[in-house]
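**Student:** Dropping in work_34.pdb, which is PDB, C-alpha atoms, pLDDT in the B column:
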MODEL        1
ATOM      1  CA  MET A 891      -6.580   1.281  13.355  1.00 50.00           C
ATOM      2  CA  PRO A 892      -6.579   0.502   9.615  1.00 61.00           C
ATOM      3  CA  HIS A 893      -4.032  -1.782   8.036  1.00 74.00           C
ATOM      4  CA  ILE A 894      -1.115   0.095   6.469  1.00 86.00           C
ATOM      5  CA  ASP A 895      -0.450  -0.729   2.811  1.00 92.00           C
ATOM      6  CA  ARG A 896       1.912   0.680   0.223  1.00 95.00           C
ATOM      7  CA  MET A 897       0.525   1.613  -3.148  1.00 95.00           C
ATOM      8  CA  ILE A 898       1.905   3.060  -6.342  1.00 95.00           C
ATOM      9  CA  LEU A 899      -0.138   5.843  -7.893  1.00 95.00           C
ATOM     10  CA  ARG A 900       0.505   6.157 -11.597  1.00 94.00           C
ATOM     11  CA  ARG A 901      -0.578   8.761 -14.095  1.00 93.00           C
ATOM     12  CA  THR A 902      -1.960   6.866 -17.076  1.00 91.00           C
ATOM     13  CA  GLY A 903      -3.144   9.518 -19.504  1.00 86.00           C
ATOM     14  CA  LEU A 904      -1.895  12.691 -21.157  1.00 86.00           C
ATOM     15  CA  ASP A 905      -5.075  14.552 -20.219  1.00 89.00           C
ATOM     16  CA  ALA A 906      -4.886  13.270 -16.621  1.00 92.00           C
ATOM     17  CA  LEU A 907      -4.824  15.346 -13.470  1.00 91.00           C
ATOM     18  CA  SER A 908      -1.357  16.920 -13.202  1.00 91.00           C
ATOM     19  CA  THR A 909       1.225  15.299 -10.951  1.00 89.00           C
ATOM     20  CA  SER A 910       1.507  18.431  -8.800  1.00 90.00           C
ATOM     21  CA  ALA A 911      -2.301  18.491  -8.309  1.00 93.00           C
ATOM     22  CA  ALA A 912      -2.257  14.778  -7.417  1.00 93.00           C
ATOM     23  CA  ILE A 913       0.471  15.414  -4.827  1.00 92.00           C
ATOM     24  CA  GLU A 914      -1.572  18.235  -3.285  1.00 93.00           C
ATOM     25  CA  ARG A 915      -4.685  16.061  -3.146  1.00 94.00           C
ATOM     26  CA  ILE A 916      -2.957  13.052  -1.605  1.00 93.00           C
ATOM     27  CA  HIS A 917      -1.257  15.261   1.010  1.00 93.00           C
ATOM     28  CA  ALA A 918      -4.760  16.422   2.019  1.00 94.00           C
ATOM     29  CA  VAL A 919      -5.737  12.876   3.058  1.00 93.00           C
ATOM     30  CA  PRO A 920      -4.717  12.569   6.738  1.00 90.00           C
ATOM     31  CA  GLU A 921      -4.455   8.758   6.766  1.00 88.00           C
ATOM     32  CA  VAL A 922      -2.103   8.653   3.756  1.00 93.00           C
ATOM     33  CA  ARG A 923       1.603   9.448   3.693  1.00 93.00           C
ATOM     34  CA  VAL A 924       3.619  10.149   0.547  1.00 93.00           C
ATOM     35  CA  LEU A 925       6.861   8.149   0.630  1.00 93.00           C
ATOM     36  CA  SER A 926       8.277   9.129  -2.772  1.00 92.00           C
ATOM     37  CA  GLU A 927       7.356  11.539  -5.546  1.00 86.00           C
ATOM     38  CA  THR A 928       9.881  10.272  -8.083  1.00 78.00           C
ATOM     39  CA  PRO A 929      10.090   9.280 -10.853  1.00 78.00           C
ATOM     40  CA  PRO A 930       7.239  11.422 -12.142  1.00 76.00           C
ATOM     41  CA  PRO A 931       4.438  10.676 -12.842  1.00 87.00           C
ATOM     42  CA  THR A 932       4.566   8.012 -10.129  1.00 92.00           C
ATOM     43  CA  LEU A 933       3.885   8.377  -6.410  1.00 94.00           C
ATOM     44  CA  LEU A 934       4.638   5.827  -3.710  1.00 95.00           C
ATOM     45  CA  VAL A 935       2.179   6.221  -0.852  1.00 96.00           C
ATOM     46  CA  GLU A 936       1.387   4.450   2.395  1.00 96.00           C
ATOM     47  CA  GLY A 937      -1.979   4.149   4.123  1.00 95.00           C
ATOM     48  CA  ASP A 938      -5.218   2.209   4.053  1.00 93.00           C
ATOM     49  CA  ALA A 939      -5.557   0.655   0.579  1.00 93.00           C
ATOM     50  CA  ARG A 940      -9.331   1.190   0.459  1.00 93.00           C
ATOM     51  CA  THR A 941      -8.955   4.872   1.340  1.00 93.00           C
ATOM     52  CA  ILE A 942      -6.240   5.361  -1.276  1.00 95.00           C
ATOM     53  CA  ALA A 943      -8.239   3.545  -3.974  1.00 94.00           C
ATOM     54  CA  ARG A 944     -11.372   5.558  -3.139  1.00 94.00           C
ATOM     55  CA  VAL A 945      -9.508   8.884  -3.362  1.00 94.00           C
ATOM     56  CA  VAL A 946      -7.677   8.037  -6.598  1.00 95.00           C
ATOM     57  CA  ALA A 947     -10.863   6.725  -8.247  1.00 94.00           C
ATOM     58  CA  ASP A 948     -12.057  10.345  -8.479  1.00 92.00           C
ATOM     59  CA  TRP A 949      -8.923  11.499 -10.319  1.00 94.00           C
ATOM     60  CA  ASP A 950      -8.964  11.570 -14.101  1.00 91.00           C
ATOM     61  CA  GLY A 951      -6.187   9.466 -15.636  1.00 94.00           C
ATOM     62  CA  TRP A 952      -4.689   8.011 -12.423  1.00 95.00           C
ATOM     63  CA  ARG A 953      -4.640   4.437 -11.138  1.00 95.00           C
ATOM     64  CA  ALA A 954      -3.613   2.914  -7.820  1.00 95.00           C
ATOM     65  CA  TYR A 955      -1.655  -0.350  -7.750  1.00 95.00           C
ATOM     66  CA  PRO A 956      -0.848  -2.318  -4.592  1.00 94.00           C
ATOM     67  CA  VAL A 957       2.797  -2.982  -3.815  1.00 93.00           C
ATOM     68  CA  THR A 958       3.275  -6.723  -3.468  1.00 88.00           C
ATOM     69  CA  ARG A 959       6.140  -7.989  -1.373  1.00 84.00           C
ATOM     70  CA  TYR A 960       7.637 -11.403  -1.868  1.00 84.00           C
ATOM     71  CA  GLU A 961       9.848 -13.190   0.594  1.00 86.00           C
ATOM     72  CA  VAL A 962      12.986 -14.448  -1.097  1.00 84.00           C
ATOM     73  CA  PRO A 963      13.790 -18.016  -0.102  1.00 83.00           C
ATOM     74  CA  GLY A 964      17.139 -18.658   1.503  1.00 81.00           C
ATOM     75  CA  THR A 965      19.738 -20.018  -0.902  1.00 82.00           C
ATOM     76  CA  ARG A 966      22.361 -21.008   1.617  1.00 82.00           C
ATOM     77  CA  PRO A 967      22.990 -24.750   1.823  1.00 81.00           C
ATOM     78  CA  ARG A 968      21.707 -26.297   5.037  1.00 78.00           C
ATOM     79  CA  LEU A 969      23.108 -29.300   6.829  1.00 81.00           C
ATOM     80  CA  ALA A 970      20.731 -32.212   7.202  1.00 77.00           C
ATOM     81  CA  PRO A 971      20.060 -33.313  10.784  1.00 80.00           C
ATOM     82  CA  ALA A 972      22.239 -36.185  12.026  1.00 76.00           C
ATOM     83  CA  GLY A 973      20.864 -39.611  11.159  1.00 72.00           C
ATOM     84  CA  SER A 974      18.827 -38.418   8.192  1.00 68.00           C
ATOM     85  CA  ARG A 975      21.371 -39.468   5.542  1.00 63.00           C
ATOM     86  CA  SER A 976      20.143 -41.894   2.951  1.00 57.00           C
ATOM     87  CA  GLY A 977      22.235 -44.240   0.976  1.00 50.00           C
TER      88      GLY A 977
ENDMDL
END
As structure tokens, how would this structure be written, given the file I've shared?
**Tutor:**
Amino acid sequence: MPHIDRMILRRTGLDALSTSAAIERIHAVPEVRVLSETPPPTLLVEGDARTIARVVADWDGWRAYPVTRYEVPGTRPRLAPAGSRSG
């Protein structure tokens, strides 16, 4: 089973494939799921990143960008373990 990634598909040119045609084409790829079609001309999709990139590479004026997730560090103060005080 391929790894599931999220990618943003973005229309980058005025003479690019139309957004509606891009939506039809991406819906035709069984391993890829469209999560959001707004705001146009941006699509949020989920599936195998290599499959998505390969499909979008054939579209005029569209690019695929991986969604990068960052873990936010905790900001709550933590108590030091007993006996670890200095000073």
**Student:** Which neighbours of Pro956 in chain A fall inside 12 Å, counting all atoms listed in the file, when residues of the same chain fewer than 5 positions from it are skipped, and could you give them as a ChimeraX atom specification?
**Tutor:** /A:894-900,933-940,942-943
**Student:** Just say which residues the PyMOL selection byres ((chain A and resi 906) around 12) picks in this file, as a PyMOL selection string.
**Tutor:** chain A and resi 900-905+907-912+931+946+948-953
**Student:** Could you work out an axis-aligned box for range 930-933 of chain A, taking every atom the file lists and adding 3 Å on each side, and report centre and edge lengths in Å to one decimal, as lines of an AutoDock Vina configuration file?
**Tutor:**
center_x = 5.6
center_y = 9.7
center_z = -9.6
size_x = 9.4
size_y = 9.4
size_z = 12.4
**Student:** How many Å lie between CA of Ala947 in chain A and CA of Ile916 in chain A, rounded to one decimal?
**Tutor:**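 Result for CA of Ala947 in chain A versus CA of Ile916 in chain A: 12.1 Å, one decimal.
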**Student:** Have a look at CA of Thr928 in chain A and CA of Val962 in chain A and let me know their distance in Å, one decimal.
**Tutor:** 25.9 Å
**Student:** Under the rule that only C-alpha atoms are counted, which of A:Arg966, A:Ile913, A:Pro971, A:Arg944 is the nearest residue to Ser926 in chain A?
**Tutor:**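 Checking each of A:Arg966, A:Ile913, A:Pro971, A:Arg944 against Ser926 in chain A, counting only C-alpha atoms, the winner is A:Ile913.
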**Student:** Rounded to one decimal place, report the CA of Tyr960 in chain A-CA of Arg923 in chain A distance in Å.
**Tutor:**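 Answer for the CA of Tyr960 in chain A to CA of Arg923 in chain A separation: 22.4 Å.
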**Student:** Could you add N, CA and C atoms to range 925-957 of chain A and give me the result as an mmCIF file, in the frame of the given file?
**Tutor:**
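Generated file (part01.cif):
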data_model
loop_
_atom_site.group_PDB
_atom_site.id
_atom_site.type_symbol
_atom_site.label_atom_id
_atom_site.label_comp_id
_atom_site.auth_asym_id
_atom_site.auth_seq_id
_atom_site.Cartn_x
_atom_site.Cartn_y
_atom_site.Cartn_z
ATOM 1 N N LEU A 925 5.508 8.634 0.353
ATOM 2 C CA LEU A 925 6.861 8.149 0.630
ATOM 3 C C LEU A 925 7.852 8.614 -0.432
ATOM 4 N N SER A 926 7.386 8.719 -1.685
ATOM 5 C CA SER A 926 8.277 9.129 -2.772
ATOM 6 C C SER A 926 7.458 9.775 -3.882
ATOM 7 N N GLU A 927 8.016 10.842 -4.441
ATOM 8 C CA GLU A 927 7.356 11.539 -5.546
ATOM 9 C C GLU A 927 8.132 11.379 -6.848
ATOM 10 N N THR A 928 9.079 10.464 -6.880
ATOM 11 C CA THR A 928 9.881 10.272 -8.083
ATOM 12 C C THR A 928 9.872 8.795 -8.457
ATOM 13 N N PRO A 929 10.012 8.434 -9.667
ATOM 14 C CA PRO A 929 10.090 9.280 -10.853
ATOM 15 C C PRO A 929 8.695 9.727 -11.255
ATOM 16 N N PRO A 930 8.563 10.985 -11.701
ATOM 17 C CA PRO A 930 7.239 11.422 -12.142
ATOM 18 C C PRO A 930 6.836 10.652 -13.391
ATOM 19 N N PRO A 931 5.640 10.352 -13.609
ATOM 20 C CA PRO A 931 4.438 10.676 -12.842
ATOM 21 C C PRO A 931 4.007 9.532 -11.929
ATOM 22 N N THR A 932 4.846 9.107 -11.038
ATOM 23 C CA THR A 932 4.566 8.012 -10.129
ATOM 24 C C THR A 932 4.722 8.484 -8.692
ATOM 25 N N LEU A 933 3.798 8.065 -7.829
ATOM 26 C CA LEU A 933 3.885 8.377 -6.410
ATOM 27 C C LEU A 933 3.843 7.072 -5.632
ATOM 28 N N LEU A 934 4.690 6.957 -4.629
ATOM 29 C CA LEU A 934 4.638 5.827 -3.710
ATOM 30 C C LEU A 934 4.016 6.346 -2.430
ATOM 31 N N VAL A 935 2.893 5.750 -2.027
ATOM 32 C CA VAL A 935 2.179 6.221 -0.852
ATOM 33 C C VAL A 935 1.935 5.066 0.113
ATOM 34 N N GLU A 936 1.625 5.436 1.353
ATOM 35 C CA GLU A 936 1.387 4.450 2.395
ATOM 36 C C GLU A 936 0.125 4.854 3.147
ATOM 37 N N GLY A 937 -0.744 3.896 3.398
ATOM 38 C CA GLY A 937 -1.979 4.149 4.123
ATOM 39 C C GLY A 937 -2.940 2.997 3.912
ATOM 40 N N ASP A 938 -4.198 3.227 4.237
ATOM 41 C CA ASP A 938 -5.218 2.209 4.053
ATOM 42 C C ASP A 938 -5.525 2.075 2.561
ATOM 43 N N ALA A 939 -5.392 0.889 2.020
ATOM 44 C CA ALA A 939 -5.557 0.655 0.579
ATOM 45 C C ALA A 939 -6.938 1.069 0.087
ATOM 46 N N ARG A 940 -7.977 0.819 0.882
ATOM 47 C CA ARG A 940 -9.331 1.190 0.459
ATOM 48 C C ARG A 940 -9.487 2.706 0.389
ATOM 49 N N THR A 941 -8.894 3.409 1.351
ATOM 50 C CA THR A 941 -8.955 4.872 1.340
ATOM 51 C C THR A 941 -8.228 5.424 0.125
ATOM 52 N N ILE A 942 -7.034 4.904 -0.132
ATOM 53 C CA ILE A 942 -6.240 5.361 -1.276
ATOM 54 C C ILE A 942 -6.994 5.103 -2.578
ATOM 55 N N ALA A 943 -7.518 3.896 -2.749
ATOM 56 C CA ALA A 943 -8.239 3.545 -3.974
ATOM 57 C C ALA A 943 -9.471 4.425 -4.155
ATOM 58 N N ARG A 944 -10.179 4.718 -3.062
ATOM 59 C CA ARG A 944 -11.372 5.558 -3.139
ATOM 60 C C ARG A 944 -11.023 6.984 -3.566
ATOM 61 N N VAL A 945 -9.936 7.526 -3.024
ATOM 62 C CA VAL A 945 -9.508 8.884 -3.362
ATOM 63 C C VAL A 945 -9.067 8.950 -4.824
ATOM 64 N N VAL A 946 -8.242 8.012 -5.243
ATOM 65 C CA VAL A 946 -7.677 8.037 -6.598
ATOM 66 C C VAL A 946 -8.750 7.740 -7.650
ATOM 67 N N ALA A 947 -9.794 7.035 -7.293
ATOM 68 C CA ALA A 947 -10.863 6.725 -8.247
ATOM 69 C C ALA A 947 -11.520 7.994 -8.793
ATOM 70 N N ASP A 948 -11.462 9.078 -8.037
ATOM 71 C CA ASP A 948 -12.057 10.345 -8.479
ATOM 72 C C ASP A 948 -11.120 11.175 -9.351
ATOM 73 N N TRP A 949 -9.890 10.741 -9.523
ATOM 74 C CA TRP A 949 -8.923 11.499 -10.319
ATOM 75 C C TRP A 949 -8.955 11.006 -11.761
ATOM 76 N N ASP A 950 -9.017 11.938 -12.684
ATOM 77 C CA ASP A 950 -8.964 11.570 -14.101
ATOM 78 C C ASP A 950 -7.559 11.112 -14.467
ATOM 79 N N GLY A 951 -7.455 9.937 -15.095
ATOM 80 C CA GLY A 951 -6.187 9.466 -15.636
ATOM 81 C C GLY A 951 -5.165 8.974 -14.626
ATOM 82 N N TRP A 952 -5.597 8.578 -13.429
ATOM 83 C CA TRP A 952 -4.689 8.011 -12.423
ATOM 84 C C TRP A 952 -5.219 6.659 -11.988
ATOM 85 N N ARG A 953 -4.289 5.764 -11.652
ATOM 86 C CA ARG A 953 -4.640 4.437 -11.138
ATOM 87 C C ARG A 953 -3.787 4.144 -9.922
ATOM 88 N N ALA A 954 -4.333 3.339 -9.025
ATOM 89 C CA ALA A 954 -3.613 2.914 -7.820
ATOM 90 C C ALA A 954 -3.329 1.420 -7.927
ATOM 91 N N TYR A 955 -2.079 1.052 -7.682
ATOM 92 C CA TYR A 955 -1.655 -0.350 -7.750
ATOM 93 C C TYR A 955 -1.040 -0.755 -6.412
ATOM 94 N N PRO A 956 -1.455 -1.879 -5.852
ATOM 95 C CA PRO A 956 -0.848 -2.318 -4.592
ATOM 96 C C PRO A 956 0.598 -2.763 -4.803
ATOM 97 N N VAL A 957 1.418 -2.492 -3.811
ATOM 98 C CA VAL A 957 2.797 -2.982 -3.815
ATOM 99 C C VAL A 957 2.765 -4.376 -3.208
#
